[in-house]
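Below is the file protein.cif, which contains mmCIF, C-alpha atoms.
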```
data_model
loop_
_atom_site.label_atom_id
_atom_site.label_comp_id
_atom_site.auth_asym_id
_atom_site.auth_seq_id
_atom_site.Cartn_x
_atom_site.Cartn_y
_atom_site.Cartn_z
CA MET A 1064 -6.94 24.19 -2.65
CA LYS A 1065 -4.64 21.45 -3.94
CA VAL A 1066 -4.39 17.68 -3.56
CA GLU A 1067 -1.45 18.17 -1.21
CA ASP A 1068 -3.61 20.25 1.16
CA TYR A 1069 -5.65 17.13 1.76
CA ILE A 1070 -2.99 14.45 1.86
CA LYS A 1071 0.11 16.04 3.40
CA GLU A 1072 1.11 15.31 6.97
CA GLY A 1073 -1.17 17.42 9.14
CA GLY A 1074 -3.38 18.08 6.09
CA ILE A 1075 -7.18 18.09 5.96
CA PHE A 1076 -7.60 14.30 5.92
CA GLU A 1077 -5.30 13.78 8.89
CA ARG A 1078 -6.83 16.63 10.85
CA VAL A 1079 -10.39 15.34 10.33
CA ALA A 1080 -9.37 11.79 11.30
CA LYS A 1081 -7.64 13.01 14.45
CA LYS A 1082 -10.53 15.24 15.48
CA ARG A 1083 -13.15 12.50 14.98
CA GLY A 1084 -11.11 9.62 16.41
CA TRP A 1085 -10.88 7.83 13.04
CA TYR A 1086 -7.98 6.50 11.01
CA LEU A 1087 -7.07 7.36 7.45
CA ASN A 1088 -7.02 4.56 4.88
CA PRO A 1089 -3.37 3.41 4.69
CA ASP A 1090 -3.49 3.10 0.87
CA LYS A 1091 -1.73 6.33 -0.10
CA GLU A 1092 -2.54 6.01 -3.81
CA LEU A 1093 -6.23 5.60 -3.00
CA VAL A 1094 -6.16 8.55 -0.58
CA ARG A 1095 -4.61 10.74 -3.29
CA SER A 1096 -7.37 9.66 -5.65
CA PHE A 1097 -10.00 10.64 -3.03
CA ALA A 1098 -8.44 14.10 -2.81
CA GLU A 1099 -8.53 14.43 -6.61
CA GLY A 1100 -12.19 13.38 -6.67
CA LEU A 1101 -13.11 15.82 -3.92
CA LEU A 1102 -11.39 18.68 -5.73
CA GLU A 1103 -13.15 17.77 -8.98
CA ASN A 1104 -16.52 17.81 -7.18
CA LYS A 1105 -15.66 21.12 -5.55
CA LYS A 1106 -15.02 22.51 -9.02
CA ARG A 1107 -18.26 21.04 -10.39
CA TYR A 1108 -20.66 21.66 -7.52
CA GLY A 1109 -18.92 24.17 -5.27
CA MET A 1110 -18.78 21.58 -2.49
CA ALA A 1111 -16.28 18.83 -1.69
CA ILE A 1112 -18.82 16.07 -2.21
CA CYS A 1113 -17.89 12.43 -1.57
CA PRO A 1114 -16.29 11.22 -4.84
CA CYS A 1115 -18.04 7.85 -4.56
CA ARG A 1116 -21.50 9.36 -4.57
CA LEU A 1117 -23.74 11.00 -7.09
CA ALA A 1118 -24.46 14.68 -6.49
CA THR A 1119 -28.00 15.83 -7.19
CA GLY A 1120 -27.18 19.49 -7.79
CA LYS A 1121 -29.57 20.37 -4.92
CA LYS A 1122 -27.52 22.03 -2.23
CA GLU A 1123 -29.67 20.99 0.74
CA ILE A 1124 -29.29 17.33 -0.27
CA ASP A 1125 -25.70 17.41 -1.46
CA ARG A 1126 -24.61 19.12 1.74
CA LYS A 1127 -25.21 15.78 3.51
CA ILE A 1128 -22.48 14.12 1.47
CA VAL A 1129 -19.78 16.76 1.79
CA CYS A 1130 -16.74 14.89 3.06
CA PRO A 1131 -16.79 13.73 5.81
CA CYS A 1132 -20.44 12.97 5.13
CA THR A 1133 -23.20 13.00 7.74
CA TYR A 1134 -23.37 9.21 7.54
CA ALA A 1135 -19.67 8.61 8.21
CA GLU A 1136 -19.95 8.30 11.98
CA ASP A 1137 -22.65 5.60 11.79
CA ASP A 1138 -20.94 3.74 8.95
CA ILE A 1139 -17.60 3.70 10.73
CA LYS A 1140 -19.30 2.38 13.88
CA GLU A 1141 -21.27 -0.28 12.01
CA TYR A 1142 -18.95 -1.30 9.17
CA GLY A 1143 -15.53 -0.13 10.31
CA LYS A 1144 -15.27 2.37 7.46
CA CYS A 1145 -17.10 5.28 5.91
CA TYR A 1146 -19.05 4.65 2.70
CA CYS A 1147 -16.10 5.39 0.41
CA GLY A 1148 -13.46 3.88 2.71
CA LEU A 1149 -11.41 7.01 3.24
CA TYR A 1150 -11.85 6.94 7.01
CA LEU A 1151 -11.62 3.78 9.09
CA SER A 1152 -12.31 2.75 12.65
CA LYS A 1153 -8.90 1.19 13.10
CA ASP A 1154 -5.42 1.52 11.70
CA GLY A 1155 -4.83 -1.05 9.00
CA GLU A 1156 -6.52 -2.80 6.16
CA ILE A 1157 -10.16 -3.74 6.29
CA GLU A 1158 -12.32 -5.97 4.15
CA ASP A 1159 -12.64 -4.55 0.66
CA LYS A 1160 -16.39 -4.74 0.38
CA ALA A 1161 -19.03 -2.21 -0.66
CA ILE A 1162 -21.33 -1.12 2.15
CA PRO A 1163 -24.95 0.06 1.85
CA ASP A 1164 -25.42 3.72 1.03
CA ARG A 1165 -27.48 5.56 3.65
CA HIS A 1166 -27.92 8.38 1.14
CA PHE A 1167 -29.59 6.20 -1.53
CA GLU A 1168 -33.08 7.71 -1.16
CA TYR A 1169 -31.87 10.91 -2.81
CA TYR A 1170 -30.59 9.36 -6.02
CA LEU A 1171 -33.89 8.98 -7.83
CA MET B 938 -21.30 -4.65 -27.37
CA ALA B 939 -18.60 -5.37 -24.81
CA GLU B 940 -18.68 -8.52 -22.71
CA ILE B 941 -18.47 -6.57 -19.46
CA LYS B 942 -20.24 -3.40 -18.45
CA VAL B 943 -18.94 -1.17 -15.66
CA TYR B 944 -21.14 1.43 -14.01
CA GLY B 945 -19.16 4.10 -12.22
CA LEU B 946 -18.46 7.73 -11.44
CA THR B 947 -15.61 9.69 -13.00
CA THR B 948 -14.55 10.85 -9.52
CA CYS B 949 -14.71 7.47 -7.75
CA PRO B 950 -11.30 6.03 -6.75
CA HIS B 951 -12.65 2.47 -6.52
CA CYS B 952 -14.12 2.77 -10.02
CA LYS B 953 -10.74 3.94 -11.32
CA LYS B 954 -9.03 0.95 -9.72
CA ALA B 955 -11.58 -1.48 -11.15
CA ILE B 956 -11.16 0.00 -14.63
CA GLU B 957 -7.36 -0.09 -14.36
CA TYR B 958 -7.56 -3.73 -13.32
CA LEU B 959 -9.85 -4.66 -16.22
CA LYS B 960 -7.46 -2.89 -18.61
CA LYS B 961 -4.50 -4.71 -17.08
CA ILE B 962 -6.00 -8.13 -17.63
CA GLY B 963 -7.15 -7.21 -21.14
CA ALA B 964 -10.90 -7.57 -20.46
CA ASP B 965 -13.45 -6.57 -23.07
CA PHE B 966 -15.45 -3.89 -21.24
CA GLU B 967 -17.34 -0.64 -21.57
CA VAL B 968 -17.90 2.01 -18.90
CA VAL B 969 -21.04 3.98 -18.14
CA TYR B 970 -20.19 7.07 -16.11
CA ILE B 971 -23.40 7.98 -14.29
CA ASP B 972 -22.20 11.48 -13.38
CA LYS B 973 -21.78 12.28 -17.06
CA LEU B 974 -25.46 11.62 -17.69
CA GLU B 975 -28.32 14.02 -17.09
CA GLY B 976 -32.08 13.98 -16.62
CA GLU B 977 -33.96 10.91 -17.84
CA ASP B 978 -30.80 9.16 -19.06
CA ARG B 979 -29.32 9.38 -15.59
CA LYS B 980 -32.52 8.13 -13.93
CA LYS B 981 -32.72 5.24 -16.35
CA VAL B 982 -29.17 4.13 -15.61
CA ILE B 983 -29.60 4.53 -11.84
CA ASP B 984 -32.69 2.32 -12.11
CA GLU B 985 -30.68 -0.18 -14.12
CA VAL B 986 -27.94 -0.25 -11.46
CA TYR B 987 -30.51 -0.89 -8.73
CA LYS B 988 -32.28 -3.62 -10.71
CA ILE B 989 -29.00 -5.45 -11.26
CA SER B 990 -27.45 -5.16 -7.82
CA GLY B 991 -30.18 -4.07 -5.38
CA SER B 992 -27.92 -1.15 -4.53
CA TYR B 993 -26.93 2.25 -5.87
CA SER B 994 -23.25 1.72 -5.17
CA VAL B 995 -20.47 1.78 -7.73
CA PRO B 996 -18.37 0.41 -9.25
CA LEU B 997 -20.81 -2.20 -10.47
CA ILE B 998 -19.20 -4.68 -12.81
CA VAL B 999 -21.62 -6.79 -14.84
CA LYS B 1000 -21.09 -9.83 -17.01
CA GLY B 1001 -24.24 -11.49 -18.30
CA ASP B 1002 -26.49 -12.09 -15.29
CA LYS B 1003 -23.63 -11.94 -12.79
CA PHE B 1004 -22.13 -8.91 -11.13
CA VAL B 1005 -19.55 -7.69 -8.65
CA LEU B 1006 -20.21 -4.68 -6.48
CA GLY B 1007 -17.16 -2.68 -5.46
CA TYR B 1008 -13.53 -3.10 -6.39
CA VAL B 1009 -12.63 -6.57 -5.18
CA GLU B 1010 -9.97 -8.06 -7.44
CA GLY B 1011 -10.62 -11.67 -6.46
CA LYS B 1012 -14.33 -11.37 -7.17
CA ILE B 1013 -13.75 -9.59 -10.48
CA ARG B 1014 -11.35 -12.38 -11.49
CA GLU B 1015 -13.99 -14.99 -10.60
CA LEU B 1016 -16.61 -13.09 -12.58
CA LEU B 1017 -14.42 -13.14 -15.67
CA GLU B 1018 -13.54 -16.84 -15.47
#
```
Would you mind giving the structure from this file in structure tokens?
Amino acid sequence: MKVEDYIKEGGIFERVAKKRGWYLNPDKELVRSFAEGLLENKKRYGMAICPCRLATGKKEIDRKIVCPCTYAEDDIKEYGKCYCGLYLSKDGEIEDKAIPDRHFEYYL
Amino acid sequence: MAEIKVYGLTTCPHCKKAIEYLKKIGADFEVVYIDKLEGEDRKKVIDEVYKISGSYSVPLIVKGDKFVLGYVEGKIRELLE
């Protein structure tokens, strides 16, 4: 798997967005960086874990934050974007603000 | 000790952007990468992040008793003023 497999036209990111009725963040540089982070986590943990979150090393917990994470649907509905901001509810820029992490209980 | 402390993850795109921005403006900062820590050290830093911001999100940019959560250039600029 390469960065291009995620970001190319018709690639993983686009396919997921289309399937779920979401939009991809229009910032191409940021989207590339997400792909790089996902690939790094795949190398480290064997799963494409959200690059903005801390993996625990426990598969049953980390599985919840494999991109797109299990919280994405709710976050996109409530905040207009997923936790890391890769997927959005509408096409275009949204407020650049951190949103609460529904996965926080697993960090400690 | 640097004037600004950044808590982040090596894989986090927003952390990278915040660090690039701080470099660009010549800020005096240090970075703590939480994913590079293990065991008690990691727990301690995660606790620290929560105590400062009331959240576990990164990047967390701290200057004295003030902080900015997330990569928001305008807010980072204000923090450094």
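Going from CA of Ile1013 in chain B to CA of Gly1143 in chain A covers 22.9 Å.
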Residues of chain B that approach chain A to 6 Å or less, counting all atoms listed in the file: could you list each one with the shortest pair of atoms and its distance in Å to one decimal, rows by chain and increasing residue number, as CSV?
```
residue,atom,partner,partner_atom,distance
B:Thr948,CA,A:Gly1100,CA,4.5
B:Cys949,CA,A:Cys1115,CA,4.6
B:Pro950,CA,A:Ser1096,CA,5.5
B:Gly1007,CA,A:Ala1161,CA,5.2
```
Mind telling me what the PyMOL selection byres ((chain B and resi 998) around 9) catches here, as a PDB file with C-alpha atoms, in the frame of the given file?
```pdb
ATOM      1  CA  ILE B 941     -18.470  -6.570 -19.460  1.00  0.00           C
ATOM      2  CA  LYS B 942     -20.240  -3.400 -18.450  1.00  0.00           C
ATOM      3  CA  VAL B 943     -18.940  -1.170 -15.660  1.00  0.00           C
ATOM      4  CA  TYR B 944     -21.140   1.430 -14.010  1.00  0.00           C
ATOM      5  CA  GLY B 945     -19.160   4.100 -12.220  1.00  0.00           C
ATOM      6  CA  ALA B 955     -11.580  -1.480 -11.150  1.00  0.00           C
ATOM      7  CA  VAL B 995     -20.470   1.780  -7.730  1.00  0.00           C
ATOM      8  CA  PRO B 996     -18.370   0.410  -9.250  1.00  0.00           C
ATOM      9  CA  LEU B 997     -20.810  -2.200 -10.470  1.00  0.00           C
ATOM     10  CA  VAL B 999     -21.620  -6.790 -14.840  1.00  0.00           C
ATOM     11  CA  LYS B1000     -21.090  -9.830 -17.010  1.00  0.00           C
ATOM     12  CA  LYS B1003     -23.630 -11.940 -12.790  1.00  0.00           C
ATOM     13  CA  PHE B1004     -22.130  -8.910 -11.130  1.00  0.00           C
ATOM     14  CA  VAL B1005     -19.550  -7.690  -8.650  1.00  0.00           C
ATOM     15  CA  LEU B1006     -20.210  -4.680  -6.480  1.00  0.00           C
ATOM     16  CA  GLY B1007     -17.160  -2.680  -5.460  1.00  0.00           C
ATOM     17  CA  TYR B1008     -13.530  -3.100  -6.390  1.00  0.00           C
ATOM     18  CA  ILE B1013     -13.750  -9.590 -10.480  1.00  0.00           C
ATOM     19  CA  LEU B1016     -16.610 -13.090 -12.580  1.00  0.00           C
TER      20      LEU B1016
END
```
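Atom to atom, CA of Leu946 in chain B and CA of Val969 in chain B stand 8.1 Å apart.
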Residues returned when the PyMOL selection byres ((chain A and resi 1120) around 12) runs on this file, as a PyMOL selection string: (chain A and resi 1104-1105+1107-1110+1112+1117-1119+1121-1126+1128+1169-1170) or (chain B and resi 972+975-976)
Spatial sel., origin (-18.9, -4.3, 13.1), limit 12 Å, only C-alpha atoms, listed as a PyMOL selection string: chain A and resi 1137-1144+1151-1153+1157-1158+1162
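For the atom pair formed by CA of Glu940 in chain B and CA of Lys960 in chain B, the distance is 13.2 Å, given to one decimal.
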For Val1079 in chain A: contacts at 10 Å, only C-alpha atoms, fewer than 4 positions along chain excluded, given as a short mmCIF file (atom, residue, chain, number, x, y, z; two decimals) with C-alpha atoms, keeping the file's coordinate frame:
```
data_model
loop_
_atom_site.label_atom_id
_atom_site.label_comp_id
_atom_site.auth_asym_id
_atom_site.auth_seq_id
_atom_site.Cartn_x
_atom_site.Cartn_y
_atom_site.Cartn_z
CA TYR A 1069 -5.65 17.13 1.76
CA GLY A 1073 -1.17 17.42 9.14
CA GLY A 1074 -3.38 18.08 6.09
CA ILE A 1075 -7.18 18.09 5.96
CA ARG A 1083 -13.15 12.50 14.98
CA GLY A 1084 -11.11 9.62 16.41
CA TRP A 1085 -10.88 7.83 13.04
CA TYR A 1086 -7.98 6.50 11.01
CA LEU A 1087 -7.07 7.36 7.45
CA CYS A 1130 -16.74 14.89 3.06
CA PRO A 1131 -16.79 13.73 5.81
CA TYR A 1150 -11.85 6.94 7.01
#
```
Nearest to Met1064 in chain A by atom-to-atom distance, counting all atoms listed in the file, from A:Lys1082, A:Arg1165, A:Lys1106, A:Lys1127: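 Looking at the shortest contact to Met1064 in chain A, the residue is A:Lys1106.
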